[in-house]
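Source file model00.tsv; content: TSV, C-alpha atoms.
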chain	number	residue	atom	x	y	z
A	1	MET	CA	0.00	0.00	0.00
A	2	GLY	CA	2.95	2.37	0.51
A	3	LYS	CA	3.22	5.25	2.91
A	4	LYS	CA	-0.12	6.56	4.22
A	5	LEU	CA	-1.36	9.89	5.53
A	6	VAL	CA	-4.61	10.59	7.37
A	7	ALA	CA	-5.41	14.29	6.84
A	8	TYR	CA	-8.50	15.56	8.60
A	9	PHE	CA	-10.57	18.61	9.45
A	10	SER	CA	-12.63	18.52	12.62
A	11	ALA	CA	-14.77	21.37	13.87
A	12	SER	CA	-16.06	19.73	17.06
A	13	GLY	CA	-13.57	16.96	17.78
A	14	VAL	CA	-15.63	14.01	16.50
A	15	THR	CA	-13.73	13.62	13.22
A	16	ALA	CA	-10.42	14.19	15.03
A	17	LYS	CA	-11.01	11.19	17.33
A	18	LEU	CA	-11.90	9.01	14.37
A	19	ALA	CA	-8.90	10.19	12.31
A	20	LYS	CA	-6.50	9.44	15.17
A	21	ARG	CA	-7.98	5.96	15.60
A	22	LEU	CA	-7.75	5.31	11.84
A	23	ALA	CA	-4.12	6.47	11.69
A	24	GLU	CA	-3.25	4.20	14.61
A	25	ALA	CA	-5.10	1.24	13.09
A	26	ILE	CA	-3.32	1.42	9.73
A	27	GLY	CA	0.08	2.80	10.75
A	28	ALA	CA	-0.44	6.13	8.98
A	29	ASP	CA	0.90	9.59	9.71
A	30	LEU	CA	-1.60	12.19	10.89
A	31	TYR	CA	-2.13	15.78	9.73
A	32	GLU	CA	-4.79	18.17	11.00
A	33	ILE	CA	-6.28	20.56	8.45
A	34	ARG	CA	-6.70	23.65	10.62
A	35	PRO	CA	-8.38	26.86	9.48
A	36	GLU	CA	-6.31	30.01	9.86
A	37	VAL	CA	-9.27	31.47	11.75
A	38	PRO	CA	-10.65	28.75	14.05
A	39	TYR	CA	-14.39	28.14	14.04
A	40	ALA	CA	-16.23	29.39	17.12
A	41	LYS	CA	-19.40	27.66	18.26
A	42	ALA	CA	-21.51	30.45	16.71
A	43	ASP	CA	-19.70	29.93	13.38
A	44	LEU	CA	-21.00	26.36	13.28
A	45	ASP	CA	-24.67	27.16	13.93
A	46	TRP	CA	-26.25	25.79	10.76
A	47	THR	CA	-29.64	27.22	11.78
A	48	ASP	CA	-28.23	30.76	11.57
A	49	LYS	CA	-28.32	31.89	7.94
A	50	LYS	CA	-25.50	34.37	8.69
A	51	SER	CA	-23.15	31.97	10.49
A	52	ARG	CA	-19.72	31.49	8.98
A	53	SER	CA	-20.26	27.84	8.08
A	54	THR	CA	-23.61	28.58	6.45
A	55	LEU	CA	-22.16	31.39	4.35
A	56	GLU	CA	-19.19	29.24	3.29
A	57	MET	CA	-21.42	26.35	2.28
A	58	GLN	CA	-23.78	28.60	0.33
A	59	ASN	CA	-20.82	29.79	-1.72
A	60	LEU	CA	-19.14	26.63	-2.99
A	61	SER	CA	-16.26	28.70	-4.37
A	62	SER	CA	-15.44	29.70	-0.79
A	63	ARG	CA	-11.95	28.57	0.20
A	64	PRO	CA	-11.24	29.11	3.91
A	65	VAL	CA	-7.52	29.69	4.47
A	66	ILE	CA	-5.57	26.84	6.05
A	67	ALA	CA	-3.30	27.69	9.00
A	68	ASP	CA	-0.27	25.85	7.59
A	69	HIS	CA	0.76	23.79	4.60
A	70	GLY	CA	2.92	21.18	6.31
A	71	ALA	CA	1.18	18.02	5.14
A	72	ASN	CA	4.11	17.01	2.87
A	73	VAL	CA	1.72	15.12	0.59
A	74	ALA	CA	4.59	14.32	-1.79
A	75	GLU	CA	5.90	11.75	0.72
A	76	TYR	CA	2.75	9.61	0.62
A	77	ASP	CA	1.19	7.11	-1.75
A	78	VAL	CA	-2.24	7.01	-0.10
A	79	VAL	CA	-4.01	9.99	1.48
A	80	PHE	CA	-7.13	9.50	3.58
A	81	VAL	CA	-9.06	12.77	3.86
A	82	GLY	CA	-11.50	13.06	6.76
A	83	PHE	CA	-14.14	15.65	7.54
A	84	PRO	CA	-17.61	16.16	8.97
A	85	ILE	CA	-20.44	16.33	6.45
A	86	TRP	CA	-21.84	19.85	6.14
A	87	TRP	CA	-24.90	20.36	3.96
A	88	TYR	CA	-24.50	16.87	2.45
A	89	VAL	CA	-20.90	17.44	1.29
A	90	ALA	CA	-17.42	18.15	2.61
A	91	PRO	CA	-16.76	21.59	4.13
A	92	THR	CA	-15.11	23.91	1.60
A	93	ILE	CA	-11.89	23.91	3.65
A	94	ILE	CA	-11.39	20.40	2.25
A	95	ASN	CA	-11.32	21.90	-1.26
A	96	THR	CA	-8.72	24.38	0.02
A	97	PHE	CA	-6.60	21.48	1.26
A	98	LEU	CA	-6.94	19.48	-1.96
A	99	GLU	CA	-6.13	22.50	-4.12
A	100	SER	CA	-3.04	23.31	-2.02
A	101	TYR	CA	-1.04	20.19	-2.90
A	102	ASP	CA	0.03	18.15	-5.89
A	103	PHE	CA	-1.70	14.77	-5.69
A	104	SER	CA	-0.10	13.32	-8.82
A	105	GLY	CA	0.29	9.59	-8.43
A	106	LYS	CA	-1.69	9.47	-5.18
A	107	THR	CA	-4.70	7.47	-4.11
A	108	ILE	CA	-7.24	9.56	-2.22
A	109	ILE	CA	-9.79	7.99	0.10
A	110	PRO	CA	-12.33	10.26	1.76
A	111	PHE	CA	-14.03	9.41	5.05
A	112	ALA	CA	-16.56	11.39	7.01
A	113	THR	CA	-18.62	11.73	10.13
A	114	SER	CA	-22.17	12.99	10.16
A	115	GLY	CA	-25.07	13.48	12.52
A	116	SER	CA	-27.63	12.61	9.87
A	117	SER	CA	-26.41	13.09	6.28
A	118	GLY	CA	-24.70	10.63	3.97
A	119	MET	CA	-21.80	11.21	1.55
A	120	GLU	CA	-23.86	10.93	-1.64
A	121	ASP	CA	-22.22	13.58	-3.88
A	122	THR	CA	-19.15	14.30	-1.80
A	123	VAL	CA	-16.50	12.68	-4.00
A	124	LYS	CA	-18.09	14.10	-7.18
A	125	LYS	CA	-17.91	17.59	-5.64
A	126	LEU	CA	-14.31	17.13	-4.45
A	127	GLN	CA	-12.81	15.61	-7.61
A	128	PRO	CA	-12.52	18.91	-9.53
A	129	SER	CA	-10.21	20.16	-6.76
A	130	VAL	CA	-7.76	17.33	-7.54
A	131	SER	CA	-7.60	16.70	-11.24
A	132	ASN	CA	-4.20	15.01	-10.97
A	133	ALA	CA	-4.94	12.21	-8.48
A	134	VAL	CA	-4.44	8.78	-9.99
A	135	VAL	CA	-7.19	7.03	-8.02
A	136	TRP	CA	-10.19	8.14	-6.00
A	137	LYS	CA	-11.53	5.34	-3.85
A	138	GLU	CA	-15.14	5.44	-2.74
A	139	GLY	CA	-15.48	7.20	0.56
A	140	LYS	CA	-17.07	5.87	3.70
A	141	LEU	CA	-19.21	7.39	6.41
A	142	LEU	CA	-17.65	6.25	9.68
A	143	ASN	CA	-20.16	7.18	12.36
A	144	GLY	CA	-20.29	5.79	15.85
A	145	ASN	CA	-17.16	4.50	17.45
A	146	PRO	CA	-15.59	1.96	15.07
A	147	SER	CA	-12.78	-0.09	16.60
A	148	GLU	CA	-9.25	-0.06	15.24
A	149	ASP	CA	-9.89	-3.61	13.98
A	150	ALA	CA	-13.01	-2.50	12.09
A	151	LEU	CA	-11.12	0.44	10.57
A	152	ALA	CA	-8.21	-1.79	9.55
A	153	GLN	CA	-10.65	-4.25	7.94
A	154	TRP	CA	-12.29	-1.41	5.99
A	155	VAL	CA	-8.91	-0.24	4.67
A	156	GLU	CA	-7.93	-3.81	3.80
A	157	SER	CA	-11.17	-4.19	1.84
A	158	LEU	CA	-10.13	-1.26	-0.37
A	159	SER	CA	-7.45	-3.40	-2.07
A	160	LEU	CA	-4.88	-0.65	-2.13
Could you render the structure as structure tokens?
Amino acid sequence: MGKKLVAYFSASGVTAKLAKRLAEAIGADLYEIRPEVPYAKADLDWTDKKSRSTLEMQNLSSRPVIADHGANVAEYDVVFVGFPIWWYVAPTIINTFLESYDFSGKTIIPFATSGSSGMEDTVKKLQPSVSNAVVWKEGKLLNGNPSEDALAQWVESLSL
């Protein structure tokens, strides 16, 4: 499978816990995608039409700035990209991340957490941000508290 990276964005900590468990389960390095301006609780209030997250998701060309660019994607063969589902897709900061690196020759595997939504169009919406990735594997919604064994089995089933 080659060298693996688990890159993730987590607004509330749920996706962070999952990403850390996944990295441990598969022996991958870990990288947090952090916004330059952290999200406050009010920014994440999806019921507020003027909240930061709502405004970003209404404008799909929005690209929140990332705090650093130290993921060193060039070192990896496989990049798992994790995020919470916002408005049925990945938050636009994930597009920022994908557009910030050269993914030539990489396999990208998205994974997500969600309170109620699935990942239906997520990969289709992310692919234009990475036109040079060799392989996009189908993503997986990883809700609940999957064990390291369950996560390792999922990755093994991907036939990387």
Selection near Trp154 (chain A), 12 Å with all atoms listed in the file, sequence-local residues under 6 positions removed, as a PyMOL selection string: chain A and resi 22+25-26+109+111+137-142+146-148+160
Keeping only C-alpha atoms, write those residues as a compact mmCIF listing (two decimals), keeping the file's coordinate frame.
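File produced: part_26.txt:
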# COMPACT_ATOMS: atom_id res chain seq x y z
CA LEU A 22 -7.75 5.31 11.84
CA ALA A 25 -5.10 1.24 13.09
CA ILE A 26 -3.32 1.42 9.73
CA ILE A 109 -9.79 7.99 0.10
CA PHE A 111 -14.03 9.41 5.05
CA LYS A 137 -11.53 5.34 -3.85
CA GLU A 138 -15.14 5.44 -2.74
CA GLY A 139 -15.48 7.20 0.56
CA LYS A 140 -17.07 5.87 3.70
CA LEU A 141 -19.21 7.39 6.41
CA LEU A 142 -17.65 6.25 9.68
CA PRO A 146 -15.59 1.96 15.07
CA SER A 147 -12.78 -0.09 16.60
CA GLU A 148 -9.25 -0.06 15.24
CA LEU A 160 -4.88 -0.65 -2.13
Separation of CA of Ile94 (chain A) from CA of Ala74 (chain A) in Å: 17.6 Å
Answer as a short mmCIF file (atom, residue, chain, number, x, y, z; two decimals) with C-alpha atoms, in the coordinates of the input, residues within 10 Å of (-14.6, 13.8, 17.3) using all atoms listed in the file:
data_model
loop_
_atom_site.label_atom_id
_atom_site.label_comp_id
_atom_site.auth_asym_id
_atom_site.auth_seq_id
_atom_site.Cartn_x
_atom_site.Cartn_y
_atom_site.Cartn_z
CA SER A 10 -12.63 18.52 12.62
CA ALA A 11 -14.77 21.37 13.87
CA SER A 12 -16.06 19.73 17.06
CA GLY A 13 -13.57 16.96 17.78
CA VAL A 14 -15.63 14.01 16.50
CA THR A 15 -13.73 13.62 13.22
CA ALA A 16 -10.42 14.19 15.03
CA LYS A 17 -11.01 11.19 17.33
CA LEU A 18 -11.90 9.01 14.37
CA ALA A 19 -8.90 10.19 12.31
CA LYS A 20 -6.50 9.44 15.17
CA PHE A 83 -14.14 15.65 7.54
CA PRO A 84 -17.61 16.16 8.97
CA THR A 113 -18.62 11.73 10.13
CA ASN A 143 -20.16 7.18 12.36
CA GLY A 144 -20.29 5.79 15.85
CA ASN A 145 -17.16 4.50 17.45
#
Of the listed residues A:Ala112, A:Trp136, A:Ser53, A:Ala28, that which approaches Leu158 (chain A) most closely, counting only C-alpha atoms: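 That would be A:Trp136, the residue with the smallest distance to Leu158 (chain A).
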Minimum-distance residue to Thr92 (chain A), chosen among A:Gly2, A:Gly105, A:Pro35, A:Pro110 (using all atoms listed in the file): A:Pro35
